[in-house]
>>> print(open('upload_19.cif').read())   # mmCIF, C-alpha atoms
data_final
#
loop_
_atom_site.label_atom_id
_atom_site.label_comp_id
_atom_site.auth_asym_id
_atom_site.auth_seq_id
_atom_site.Cartn_x
_atom_site.Cartn_y
_atom_site.Cartn_z
CA MET A 1 -8.74 -12.91 85.95
CA GLU A 2 -11.10 -10.89 88.10
CA HIS A 3 -9.88 -7.79 86.33
CA LEU A 4 -10.79 -9.32 82.98
CA LEU A 5 -14.26 -10.17 84.31
CA ILE A 6 -14.87 -6.65 85.58
CA ASN A 7 -13.61 -5.25 82.26
CA HIS A 8 -15.73 -7.76 80.37
CA TYR A 9 -16.62 -5.31 77.59
CA GLU A 10 -12.97 -4.72 76.81
CA THR A 11 -12.23 -8.45 76.99
CA ALA A 12 -15.08 -9.21 74.60
CA ALA A 13 -13.82 -6.47 72.29
CA VAL A 14 -10.34 -8.00 72.23
CA ILE A 15 -11.70 -11.49 71.51
CA LEU A 16 -13.96 -10.15 68.76
CA PHE A 17 -11.03 -8.27 67.28
CA GLY A 18 -9.02 -11.50 67.21
CA ILE A 19 -11.88 -13.37 65.53
CA GLY A 20 -12.24 -10.68 62.89
CA PHE A 21 -8.49 -10.53 62.31
CA LEU A 22 -8.18 -14.30 61.85
CA ASN A 23 -11.19 -14.23 59.55
CA LEU A 24 -9.45 -11.58 57.49
CA LEU A 25 -6.28 -13.66 57.27
CA LEU A 26 -7.66 -17.18 56.84
CA GLN A 27 -10.71 -16.86 54.61
CA ASN A 28 -10.25 -17.32 50.89
CA ASN A 29 -13.64 -15.87 50.03
CA LEU A 30 -13.33 -12.12 49.56
CA VAL A 31 -16.83 -11.40 50.89
CA LYS A 32 -16.00 -13.31 54.08
CA LYS A 33 -12.84 -11.25 54.40
CA ILE A 34 -15.01 -8.13 54.36
CA ILE A 35 -17.23 -9.68 57.04
CA GLY A 36 -14.13 -10.22 59.19
CA PHE A 37 -13.25 -6.59 58.66
CA GLY A 38 -16.72 -5.62 59.88
CA ILE A 39 -16.28 -7.73 63.03
CA MET A 40 -13.00 -5.94 63.75
CA ASP A 41 -14.77 -2.58 63.33
CA SER A 42 -17.50 -3.57 65.77
CA ALA A 43 -14.88 -4.68 68.29
CA VAL A 44 -13.26 -1.25 68.15
CA TYR A 45 -16.63 0.48 68.68
CA LEU A 46 -17.39 -1.75 71.66
CA PHE A 47 -14.03 -0.90 73.18
CA LEU A 48 -14.45 2.85 72.67
CA ALA A 49 -18.02 2.89 73.99
CA SER A 50 -17.02 0.94 77.09
CA GLN A 51 -14.20 3.40 77.75
CA GLY A 52 -16.66 6.30 77.78
CA TYR A 53 -19.02 4.80 80.35
CA ILE A 54 -18.99 5.95 83.96
CA ALA A 55 -21.17 4.05 86.40
CA GLY A 56 -24.26 5.83 87.66
CA ARG A 57 -24.05 8.88 85.41
CA LEU A 58 -26.46 10.22 82.79
CA ALA A 59 -26.20 10.19 78.99
CA PRO A 60 -24.60 13.42 77.73
CA ILE A 61 -27.86 15.25 77.08
CA LEU A 62 -28.34 18.14 79.46
CA VAL A 63 -31.10 17.98 82.03
CA GLY A 64 -31.88 21.31 83.63
CA GLU A 65 -29.97 24.57 83.40
CA VAL A 66 -26.67 23.97 85.12
CA ALA A 67 -24.23 21.48 83.67
CA ASN A 68 -22.06 19.70 86.19
CA ALA A 69 -19.27 17.52 84.78
CA ALA A 70 -19.76 15.00 87.58
CA ASP A 71 -23.29 14.17 86.37
CA TYR A 72 -22.65 13.01 82.80
CA ILE A 73 -20.63 10.32 81.08
CA ASN A 74 -17.79 11.05 78.70
CA PRO A 75 -19.20 12.32 75.36
CA ILE A 76 -15.97 12.04 73.38
CA PRO A 77 -16.04 8.26 72.63
CA ALA A 78 -19.55 8.67 71.16
CA GLY A 79 -18.19 11.12 68.60
CA LEU A 80 -15.24 8.87 67.83
CA VAL A 81 -17.53 5.87 67.31
CA LEU A 82 -19.66 7.93 64.92
CA THR A 83 -16.58 8.77 62.85
CA GLY A 84 -15.55 5.12 62.84
CA ILE A 85 -18.98 3.90 61.71
CA VAL A 86 -19.10 6.32 58.80
CA VAL A 87 -15.61 5.43 57.61
CA SER A 88 -16.26 1.68 57.93
CA VAL A 89 -19.49 1.98 55.91
CA SER A 90 -17.59 3.79 53.16
CA VAL A 91 -14.73 1.29 53.14
CA THR A 92 -17.12 -1.68 53.12
CA ALA A 93 -19.11 -0.27 50.21
CA PHE A 94 -15.97 0.48 48.23
CA SER A 95 -14.46 -2.96 48.76
CA LEU A 96 -17.74 -4.72 47.93
CA ALA A 97 -17.90 -2.74 44.69
CA LEU A 98 -14.35 -3.85 43.88
CA ILE A 99 -15.33 -7.46 44.63
CA GLN A 100 -18.33 -7.18 42.33
CA ARG A 101 -16.08 -6.01 39.51
CA LEU A 102 -13.67 -8.88 40.20
CA TYR A 103 -16.59 -11.30 40.07
CA GLN A 104 -17.73 -9.86 36.75
CA LYS A 105 -14.26 -10.40 35.33
CA TYR A 106 -13.25 -13.77 36.81
CA LYS A 107 -16.65 -15.29 37.74
CA THR A 108 -15.39 -16.20 41.20
CA VAL A 109 -14.82 -14.46 44.53
CA ASN A 110 -12.19 -16.94 45.73
CA PHE A 111 -8.97 -15.03 46.24
CA ASP A 112 -6.59 -17.85 45.22
CA GLU A 113 -8.54 -18.60 42.06
CA ILE A 114 -8.54 -14.93 41.13
CA VAL A 115 -4.76 -14.79 41.59
CA LEU A 116 -4.30 -17.90 39.43
CA LEU A 117 -6.62 -16.66 36.70
CA ALA A 118 -4.94 -13.25 36.71
CA ARG A 119 -1.52 -14.92 36.33
CA GLN A 120 -2.84 -17.06 33.50
CA LYS A 121 -4.15 -14.01 31.71
CA GLY A 122 -0.80 -12.32 32.26
CA ASP A 123 0.94 -15.29 30.58
CA GLU A 124 -1.18 -15.08 27.47
CA MET B 1 -33.98 -48.22 52.65
CA SER B 2 -32.53 -47.41 49.28
CA LYS B 3 -34.94 -44.53 48.98
CA MET B 4 -33.70 -43.14 52.26
CA ALA B 5 -30.11 -43.52 51.15
CA ARG B 6 -30.88 -41.76 47.91
CA SER B 7 -32.59 -38.90 49.66
CA LYS B 8 -29.63 -38.67 52.00
CA LYS B 9 -27.32 -38.55 49.01
CA GLU B 10 -29.43 -35.87 47.41
CA LYS B 11 -29.35 -33.92 50.62
CA GLN B 12 -25.59 -34.17 50.71
CA THR B 13 -25.24 -32.98 47.15
CA SER B 14 -27.55 -30.07 47.79
CA TRP B 15 -25.52 -29.32 50.91
CA GLN B 16 -22.36 -29.47 48.84
CA ARG B 17 -23.93 -27.21 46.27
CA PHE B 18 -24.84 -24.82 49.07
CA CYS B 19 -21.24 -24.95 50.30
CA THR B 20 -19.86 -24.09 46.90
CA TRP B 21 -22.44 -21.34 46.61
CA VAL B 22 -21.39 -19.91 49.97
CA ASN B 23 -17.78 -20.17 48.93
CA GLY B 24 -18.54 -18.05 45.92
CA GLY B 25 -19.12 -20.72 43.28
CA THR B 26 -16.68 -21.66 40.54
CA ALA B 27 -16.69 -21.24 36.80
CA GLU B 28 -18.47 -24.59 36.41
CA GLN B 29 -20.99 -23.86 39.16
CA PRO B 30 -22.00 -20.26 38.66
CA LEU B 31 -23.20 -18.16 41.54
CA LEU B 32 -26.39 -17.15 39.78
CA PRO B 33 -27.55 -20.04 37.64
CA ALA B 34 -30.63 -18.12 36.44
CA GLU B 35 -28.54 -15.75 34.33
CA PRO B 36 -28.72 -16.37 30.59
CA ALA B 37 -24.95 -16.40 30.37
CA LYS B 38 -24.05 -19.80 29.03
CA PRO B 39 -21.97 -18.89 25.97
CA LYS B 40 -19.72 -16.55 27.92
CA LYS B 41 -19.17 -18.97 30.77
CA ALA B 42 -18.28 -21.77 28.37
CA LYS B 43 -15.71 -19.44 26.87
CA ALA B 44 -14.38 -18.64 30.30
CA ALA B 45 -14.18 -22.29 31.27
CA LYS B 46 -12.39 -23.54 28.17
CA PRO B 47 -8.95 -21.89 28.54
CA LYS B 48 -8.88 -23.09 32.11
CA LYS B 49 -9.11 -26.70 30.99
CA GLN B 50 -6.47 -26.28 28.30
CA LYS B 51 -3.97 -24.93 30.78
CA ALA B 52 -4.69 -27.52 33.45
CA GLN B 53 -1.09 -28.67 33.88
CA PRO B 54 0.67 -25.44 34.93
CA VAL B 55 -2.35 -24.44 36.95
CA ARG B 56 -2.17 -27.66 38.93
CA LYS B 57 1.52 -27.08 39.59
CA GLU B 58 0.76 -23.62 40.85
CA TRP B 59 -2.05 -24.99 42.99
CA MET B 60 0.40 -27.40 44.61
CA GLY B 61 2.84 -24.59 45.35
CA LEU B 62 0.05 -22.44 46.66
CA SER B 63 -1.32 -25.17 48.92
CA ARG B 64 2.11 -25.83 50.45
CA PHE B 65 2.55 -22.12 51.01
CA GLU B 66 -0.97 -21.95 52.39
CA HIS B 67 -0.22 -24.60 55.01
CA ILE B 68 2.63 -22.55 56.45
CA TYR B 69 0.62 -19.37 56.01
CA ARG B 70 -2.33 -20.72 58.00
CA ILE B 71 -0.14 -21.81 60.93
CA CYS B 72 1.62 -18.43 60.94
CA ALA B 73 -1.68 -16.57 60.75
CA VAL B 74 -3.16 -18.45 63.70
CA LEU B 75 0.02 -17.89 65.70
CA ILE B 76 0.03 -14.16 64.92
CA GLY B 77 -3.65 -13.90 65.83
CA VAL B 78 -3.25 -15.72 69.14
CA VAL B 79 -0.17 -13.69 70.08
CA MET B 80 -1.98 -10.47 69.19
CA VAL B 81 -5.01 -11.38 71.30
CA GLY B 82 -2.68 -12.30 74.18
CA VAL B 83 -0.85 -8.98 74.01
CA LEU B 84 -4.16 -7.10 73.88
CA MET B 85 -5.43 -9.11 76.88
CA ILE B 86 -2.36 -8.04 78.86
CA ALA B 87 -3.16 -4.47 77.82
CA VAL B 88 -6.75 -4.92 79.07
CA LEU B 89 -5.31 -6.12 82.40
CA GLN B 90 -3.57 -2.75 82.73
CA LEU B 91 -6.69 -0.73 81.94
CA PRO B 92 -8.56 1.10 84.69
CA LEU B 93 -11.71 -0.58 85.98
CA PHE B 94 -14.88 -0.37 83.91
CA GLY B 95 -17.10 2.56 84.76
CA SER B 96 -14.79 4.17 87.30
CA PRO B 97 -15.00 7.98 87.44
CA ASP B 98 -11.23 8.44 87.92
CA ASN B 99 -10.58 6.92 84.51
CA PRO B 100 -7.73 8.92 82.88
CA SER B 101 -9.84 9.47 79.76
CA VAL B 102 -12.21 11.60 81.87
CA ASN B 103 -9.97 14.66 81.88
CA GLU B 104 -10.24 18.41 81.56
CA VAL B 105 -11.43 18.18 77.92
CA VAL B 106 -14.57 16.30 78.98
CA GLU B 107 -15.12 18.74 81.81
CA ARG B 108 -14.90 21.66 79.42
CA TYR B 109 -17.22 20.05 76.84
CA VAL B 110 -19.83 19.24 79.46
CA GLU B 111 -19.72 22.43 81.51
CA LYS B 112 -19.16 25.06 78.82
CA GLY B 113 -20.88 23.19 75.98
CA LEU B 114 -24.32 24.70 76.41
CA GLU B 115 -23.23 28.31 76.59
CA GLU B 116 -20.68 27.98 73.80
CA THR B 117 -22.58 25.87 71.28
CA GLY B 118 -26.18 26.18 72.47
CA ALA B 119 -26.80 22.46 71.94
CA VAL B 120 -28.53 20.46 74.66
CA ASN B 121 -27.13 17.24 73.18
CA MET B 122 -23.46 17.45 74.05
CA VAL B 123 -22.38 14.94 71.43
CA ALA B 124 -24.03 17.02 68.70
CA GLY B 125 -22.40 20.15 70.09
CA MET B 126 -19.06 18.39 70.07
CA ILE B 127 -19.13 16.85 66.60
CA LEU B 128 -20.83 19.76 64.81
CA ASP B 129 -19.20 22.67 66.56
CA TYR B 130 -15.94 21.98 68.35
CA ARG B 131 -15.00 19.31 65.83
CA ALA B 132 -17.08 20.33 62.84
CA PHE B 133 -14.21 20.00 60.41
CA ASP B 134 -13.83 16.38 61.41
CA THR B 135 -17.50 15.80 60.59
CA PHE B 136 -17.04 17.61 57.28
CA GLY B 137 -14.28 15.11 56.55
CA GLU B 138 -16.65 12.26 57.38
CA SER B 139 -19.34 13.50 54.98
CA SER B 140 -16.65 13.95 52.33
CA VAL B 141 -15.51 10.37 52.91
CA LEU B 142 -19.08 9.18 52.36
CA PHE B 143 -19.36 11.28 49.21
CA LEU B 144 -16.01 9.95 48.00
CA ALA B 145 -17.14 6.37 48.66
CA VAL B 146 -20.32 6.80 46.66
CA THR B 147 -18.30 8.43 43.87
CA CYS B 148 -15.91 5.48 43.77
CA VAL B 149 -18.79 2.98 43.78
CA THR B 150 -20.38 4.94 40.93
CA MET B 151 -17.13 4.78 39.01
CA LEU B 152 -16.89 1.03 39.52
CA LEU B 153 -20.48 -0.09 39.08
CA MET B 154 -22.33 2.53 37.03
CA ARG B 155 -23.61 1.14 33.74
CA ASP B 156 -22.48 3.34 30.92
CA ARG B 157 -20.83 3.01 27.50
CA ASN B 158 -17.70 1.38 28.90
CA ASN B 159 -19.39 -0.88 31.40
CA THR B 160 -22.15 -2.73 29.61
CA ASN B 161 -22.83 -6.37 29.22
CA LYS B 162 -25.32 -7.92 26.84
CA GLU B 163 -26.65 -10.50 29.30
CA GLU B 164 -27.12 -7.92 32.03
CA ASP B 165 -28.89 -5.60 29.61
CA LEU B 166 -31.26 -8.43 28.76
CA LEU B 167 -31.80 -9.10 32.45
CA THR B 168 -32.59 -5.47 33.28
CA ALA B 169 -34.90 -5.19 30.28
CA ARG B 170 -36.80 -8.23 31.50
CA GLU B 171 -37.00 -6.81 35.01
CA HIS B 172 -38.36 -3.53 33.66
CA VAL B 173 -41.08 -5.44 31.83
CA ILE B 174 -41.97 -7.35 34.98
CA GLU B 175 -42.03 -4.12 36.98
CA GLY B 176 -44.40 -2.61 34.41
CA TYR B 177 -46.88 -5.48 34.61
CA GLU B 178 -47.06 -6.56 38.19
CA GLU B 179 -47.24 -4.75 41.46
CA ASP B 180 -46.82 -6.68 44.66
CA ILE B 181 -50.04 -5.74 46.45
CA ILE B 182 -48.85 -6.40 50.02
CA LEU B 183 -45.58 -4.57 49.47
CA THR B 184 -47.11 -1.51 47.84
CA LYS B 185 -49.94 -1.21 50.38
CA VAL B 186 -47.54 -1.49 53.30
CA ALA B 187 -45.06 0.85 51.64
CA ARG B 188 -47.76 3.49 51.16
CA ILE B 189 -48.25 3.55 54.95
CA VAL B 190 -44.65 3.07 56.05
CA ILE B 191 -42.75 5.38 53.68
CA PRO B 192 -44.35 8.70 54.81
CA CYS B 193 -43.94 7.71 58.47
CA ALA B 194 -40.29 6.78 57.94
CA LEU B 195 -39.57 10.00 56.06
CA VAL B 196 -41.23 12.17 58.71
CA TYR B 197 -39.42 10.30 61.47
CA GLY B 198 -36.11 10.77 59.66
CA VAL B 199 -36.74 14.50 59.29
CA TYR B 200 -37.68 14.66 62.99
CA VAL B 201 -34.44 12.92 64.01
CA VAL B 202 -32.38 15.26 61.82
CA LEU B 203 -34.08 18.44 63.08
CA ASN B 204 -33.85 17.36 66.72
CA GLY B 205 -30.19 16.42 66.46
CA HIS B 206 -29.11 19.12 68.89
CA LEU B 207 -31.87 18.35 71.40
CA SER B 208 -32.13 14.59 71.60
CA PRO B 209 -30.22 11.49 70.54
CA GLY B 210 -29.84 11.39 66.78
CA GLY B 211 -28.63 13.91 64.27
CA GLY B 212 -27.59 14.03 60.68
CA PHE B 213 -26.14 10.56 60.38
CA SER B 214 -28.90 8.55 62.02
CA GLY B 215 -31.74 10.63 60.57
CA GLY B 216 -30.15 10.48 57.14
CA THR B 217 -29.96 6.71 57.36
CA ILE B 218 -33.68 6.52 58.23
CA MET B 219 -34.59 8.75 55.25
CA GLY B 220 -32.32 6.70 53.02
CA SER B 221 -34.08 3.50 54.07
CA ALA B 222 -37.42 5.11 53.19
CA LEU B 223 -36.06 5.92 49.72
CA ILE B 224 -34.81 2.34 49.35
CA LEU B 225 -38.25 1.01 50.35
CA PHE B 226 -39.83 3.22 47.71
CA ALA B 227 -37.44 1.91 45.06
CA VAL B 228 -38.11 -1.68 46.10
CA SER B 229 -41.88 -1.44 46.14
CA PHE B 230 -42.63 0.90 43.24
CA GLY B 231 -39.71 0.15 40.96
CA MET B 232 -36.71 2.05 39.74
CA ILE B 233 -38.60 3.67 36.87
CA ARG B 234 -40.95 5.56 39.17
CA MET B 235 -38.06 6.37 41.46
CA SER B 236 -36.06 7.89 38.63
CA GLN B 237 -38.94 10.25 37.85
CA PHE B 238 -38.07 12.37 40.84
CA PHE B 239 -34.63 11.12 41.85
CA ASN B 240 -32.10 10.44 39.15
CA TYR B 241 -28.35 10.80 38.80
CA ALA B 242 -28.51 14.54 38.01
CA THR B 243 -30.60 15.35 41.10
CA PHE B 244 -28.39 13.11 43.22
CA ARG B 245 -25.28 14.97 42.06
CA LYS B 246 -26.86 18.39 42.56
CA ILE B 247 -28.28 17.67 46.01
CA THR B 248 -25.19 16.07 47.51
CA SER B 249 -22.73 18.59 46.14
CA CYS B 250 -24.95 21.50 47.20
CA ALA B 251 -25.24 20.08 50.73
CA LEU B 252 -21.48 19.60 50.98
CA MET B 253 -20.84 23.11 49.61
CA VAL B 254 -23.24 24.66 52.15
CA TYR B 255 -21.48 22.76 54.91
CA ALA B 256 -18.05 23.88 53.72
CA ALA B 257 -19.19 27.49 53.27
CA SER B 258 -20.75 27.72 56.72
CA LYS B 259 -17.66 26.33 58.39
CA ALA B 260 -15.35 28.54 56.29
CA TYR B 261 -17.42 31.48 57.54
CA SER B 262 -16.70 30.55 61.13
CA PHE B 263 -13.03 30.24 60.13
CA PHE B 264 -12.93 33.86 58.98
CA THR B 265 -14.64 35.12 62.11
CA GLY B 266 -11.97 33.54 64.26
CA ALA B 267 -11.40 29.82 64.14
CA ASN B 268 -10.52 30.03 67.80
CA HIS B 269 -14.03 28.92 68.34
CA LEU B 270 -17.29 30.50 67.74
CA GLU B 271 -17.43 34.21 67.21
CA SER B 272 -19.88 33.48 64.44
CA HIS B 273 -22.33 36.26 65.46
CA ILE B 274 -25.21 33.86 64.93
CA PRO B 275 -27.57 34.01 67.90
CA LEU B 276 -27.57 30.76 69.84
CA GLY B 277 -31.22 31.05 70.77
CA VAL B 278 -32.99 29.54 73.72
CA PRO B 279 -31.54 26.16 74.63
CA GLY B 280 -34.13 23.46 73.98
CA ALA B 281 -35.88 25.20 71.09
CA ILE B 282 -35.68 23.82 67.57
CA LEU B 283 -34.28 27.07 66.17
CA SER B 284 -31.31 27.29 68.48
CA SER B 285 -27.63 26.50 68.68
CA GLY B 286 -26.55 28.51 65.65
CA LEU B 287 -25.03 26.57 62.79
CA ILE B 288 -25.56 23.10 64.23
CA LEU B 289 -29.07 22.78 62.79
CA ILE B 290 -27.91 23.75 59.27
CA LEU B 291 -24.94 21.41 59.43
CA ASP B 292 -27.17 18.58 60.68
CA ILE B 293 -29.54 19.08 57.73
CA CYS B 294 -26.62 19.05 55.26
CA VAL B 295 -25.18 15.88 56.77
CA GLY B 296 -28.63 14.25 56.77
CA ILE B 297 -29.14 15.01 53.06
CA VAL B 298 -25.70 13.67 52.15
CA VAL B 299 -26.20 10.48 54.17
CA ALA B 300 -29.71 9.80 52.82
CA CYS B 301 -28.59 10.24 49.21
CA THR B 302 -25.50 8.12 49.83
CA MET B 303 -27.48 5.24 51.35
CA TYR B 304 -29.94 5.19 48.48
CA GLY B 305 -27.06 5.57 46.02
CA PHE B 306 -25.30 2.50 47.42
CA TYR B 307 -28.50 0.47 47.13
CA ALA B 308 -29.24 1.55 43.57
CA LEU B 309 -25.69 1.06 42.35
CA PHE B 310 -25.29 -2.37 43.89
CA THR B 311 -28.61 -3.72 42.65
CA LYS B 312 -29.10 -2.16 39.23
CA GLY B 313 -25.90 -0.29 38.48
CA GLU B 314 -27.82 2.89 37.78
CA LEU B 315 -29.04 5.80 39.77
#
>>> encode(input="upload_19.cif", output="structure tokens")
Amino acid sequence: MEHLLINHYETAAVILFGIGFLNLLLQNNLVKKIIGFGIMDSAVYLFLASQGYIAGRLAPILVGEVANAADYINPIPAGLVLTGIVVSVSVTAFSLALIQRLYQKYKTVNFDEIVLLARQKGDE
Amino acid sequence: MSKMARSKKEKQTSWQRFCTWVNGGTAEQPLLPAEPAKPKKAKAAKPKKQKAQPVRKEWMGLSRFEHIYRICAVLIGVVMVGVLMIAVLQLPLFGSPDNPSVNEVVERYVEKGLEETGAVNMVAGMILDYRAFDTFGESSVLFLAVTCVTMLLMRDRNNTNKEEDLLTAREHVIEGYEEDIILTKVARIVIPCALVYGVYVVLNGHLSPGGGFSGGTIMGSALILFAVSFGMIRMSQFFNYATFRKITSCALMVYAASKAYSFFTGANHLESHIPLGVPGAILSSGLILILDICVGIVVACTMYGFYALFTKGEL
């Protein structure tokens, strides 16, 4: 338990990931599904950023001439988070565009209703 | 008393209406009631009523399935969170310097980064030099996303709708007549500042926090503010689909060409023969500045493109 409290960023990331995942599974509204996806993304960023932190060290921007590895935090998770943010923005935009097209066709964003209407149209 | 009850009832119905609106609305309760779309919606609603019987049967089947599905989903979610919590228990302590992720790669990036890439900002040196192909992939993903959104939402011959055409025509008329005084006055002050700040963040990407992605987003928000306050017609006078295509593809081509160049001169890192300059100066660190500018242009155009496509369906 104490371990979880010391690693509170990771714990929060795991809980957020669970919330986003359940949102993705349980919501019928497609836009809310995308919101759940966004929460999962943020949880992953939080986890990565917390893994890069080292207590008492500087941000990875050089101060002075000589670079000593013991003075700076880990710069790699920052780059990974950047990649993740860009990809999640692209995926979110693409899926929202798909949802807008679905809404134009079926006049609803409820997933079950869309499935029913699509089946009906398939019957005709 | 009765008045109170009635107001309560009204409140409830408005709350219910809000709920249905949040849940996406149905065919009977459209999401955007202001749209002049009655004939089409009536058409859409009619076949649904005719086929009420089989639909209801399917609803019943679906709801029974959904009951099991919901229980399973919650179980899977709880089990997954539990497993991940056990994994967190095994992780090293937060902020400890002997974390296994702090290994020789980090040491190399931090200690050799300045002399090999010339960038004071180690993250910029990492993502635009050691891992520049990865960043090229990211910009391509953004470009691909905006291409897909264009394909899906662009209004052209195959994707037109009479009601929406009417709506846009009306909006154009309104844009022509009225200008929101507060918005335009504020925009006149804010837009230049935002653009200059975005350019500053892009150009200082190798010296300070920031870089192509963040600076590009700031510039993109300035473009969006311009489109909001002065209208799409004025925006399209200097930024239309053709310029968008030219600018983004040119930026991506420059990026690809500059990295291909470093490939030919030895992909085993950095014999690019471009002087690295004095660390800390704007014109330093070789290709990083050029790549940052390319990424910034792509990101700014993409952000504005998303906005324009989602609101008006045109660029």
>>> interface_residues(input="upload_19.cif", of="chain B", to="chain A", cutoff="7 Å", atoms="only C-alpha atoms", output="JSON, numbers by chain")
{"B": [23, 24, 25, 26, 27, 70, 73, 74, 77, 81, 84, 85, 88, 89, 93, 94, 95, 96, 97, 102, 106, 107, 110, 111, 120, 121, 122, 123, 127, 138, 141, 142, 145, 148, 149, 152, 153, 208]}
>>> atom_distance(input="upload_19.cif", atom1="CA of Ser229 (chain B)", atom2="CA of Leu309 (chain B)")
16.8 Å
>>> closest_residue(input="upload_19.cif", among="B:Ile86, B:Ala300, B:Leu128, B:Ala251", to="Gly220 (chain B)", atoms="all atoms listed in the file")
B:Ala300
>>> atom_distance(input="upload_19.cif", atom1="CA of Ala227 (chain B)", atom2="CA of Leu166 (chain B)")
20.3 Å
>>> resolve_selection(input="upload_19.cif", expression="the PyMOL selection byres ((chain B and resi 280) around 7)", output="VMD selection string")
chain B and resid 120 207 278 to 279 281 to 282
>>> atom_distance(input="upload_19.cif", atom1="CA of Met126 (chain B)", atom2="CA of Met253 (chain B)")
21.1 Å
>>> residues_around(input="upload_19.cif", residues="Asp156 (chain B)", least_positions_apart="6", cutoff="12 Å", atoms="only C-alpha atoms", output="list of chain:residue names")
B:Thr150, B:Asp165, B:Lys312, B:Gly313, B:Glu314, B:Leu315
>>> resolve_selection(input="upload_19.cif", expression="the PyMOL selection byres ((chain B and resi 181-188) around 9)", output="PyMOL selection string")
chain B and resi 178-180+189-192+222+225-226+228-230
>>> closest_residue(input="upload_19.cif", among="B:Leu144, B:Gly198, B:Phe65, B:Ala119", to="Phe213 (chain B)", atoms="only C-alpha atoms")
B:Gly198
>>> closest_residue(input="upload_19.cif", among="B:Thr160, B:Tyr197, B:Ser140, B:Ser236", to="Cys294 (chain B)", atoms="only C-alpha atoms")
B:Ser140
>>> resolve_selection(input="upload_19.cif", expression="the PyMOL selection byres ((chain B and resi 212) around 10)", output="ChimeraX atom specification")
/B:124,128,198-199,201-206,210-211,213-218,288-300
>>> axis_aligned_box(input="upload_19.cif", around="region 68-75 of chain A", padding_each_side="3 Å", output="JSON")
{"center_x": -20.5, "center_y": 15.0, "center_z": 81.5, "size_x": 11.5, "size_y": 15.4, "size_z": 18.2}
>>> closest_residue(input="upload_19.cif", among="B:Thr248, B:Tyr200, B:Tyr130, B:Arg234", to="Thr117 (chain B)", atoms="only C-alpha atoms")
B:Tyr130
>>> build_atoms(input="upload_19.cif", residues="region 31-44 of chain A", atoms="N, CA and C atoms", output="tab-separated table (two decimals), keeping the file's coordinate frame")
chain	number	residue	atom	x	y	z
A	31	VAL	N	-15.70	-11.97	50.14
A	31	VAL	CA	-16.83	-11.40	50.89
A	31	VAL	C	-16.68	-11.71	52.37
A	32	LYS	N	-16.19	-12.94	52.68
A	32	LYS	CA	-16.00	-13.31	54.08
A	32	LYS	C	-14.88	-12.48	54.70
A	33	LYS	N	-13.89	-12.14	53.90
A	33	LYS	CA	-12.84	-11.25	54.40
A	33	LYS	C	-13.44	-9.92	54.84
A	34	ILE	N	-14.38	-9.41	54.02
A	34	ILE	CA	-15.01	-8.13	54.36
A	34	ILE	C	-15.82	-8.27	55.64
A	35	ILE	N	-16.47	-9.45	55.81
A	35	ILE	CA	-17.23	-9.68	57.04
A	35	ILE	C	-16.29	-9.64	58.25
A	36	GLY	N	-15.11	-10.28	58.11
A	36	GLY	CA	-14.13	-10.22	59.19
A	36	GLY	C	-13.73	-8.80	59.52
A	37	PHE	N	-13.58	-8.01	58.48
A	37	PHE	CA	-13.25	-6.59	58.66
A	37	PHE	C	-14.34	-5.89	59.47
A	38	GLY	N	-15.61	-6.21	59.15
A	38	GLY	CA	-16.72	-5.62	59.88
A	38	GLY	C	-16.71	-6.02	61.35
A	39	ILE	N	-16.34	-7.29	61.62
A	39	ILE	CA	-16.28	-7.73	63.03
A	39	ILE	C	-15.20	-6.95	63.77
A	40	MET	N	-14.06	-6.73	63.10
A	40	MET	CA	-13.00	-5.94	63.75
A	40	MET	C	-13.49	-4.52	64.06
A	41	ASP	N	-14.22	-3.92	63.09
A	41	ASP	CA	-14.77	-2.58	63.33
A	41	ASP	C	-15.65	-2.56	64.57
A	42	SER	N	-16.57	-3.56	64.64
A	42	SER	CA	-17.50	-3.57	65.77
A	42	SER	C	-16.75	-3.72	67.09
A	43	ALA	N	-15.66	-4.52	67.07
A	43	ALA	CA	-14.88	-4.68	68.29
A	43	ALA	C	-14.32	-3.35	68.74
A	44	VAL	N	-13.82	-2.55	67.79
A	44	VAL	CA	-13.26	-1.25	68.15
A	44	VAL	C	-14.35	-0.34	68.74
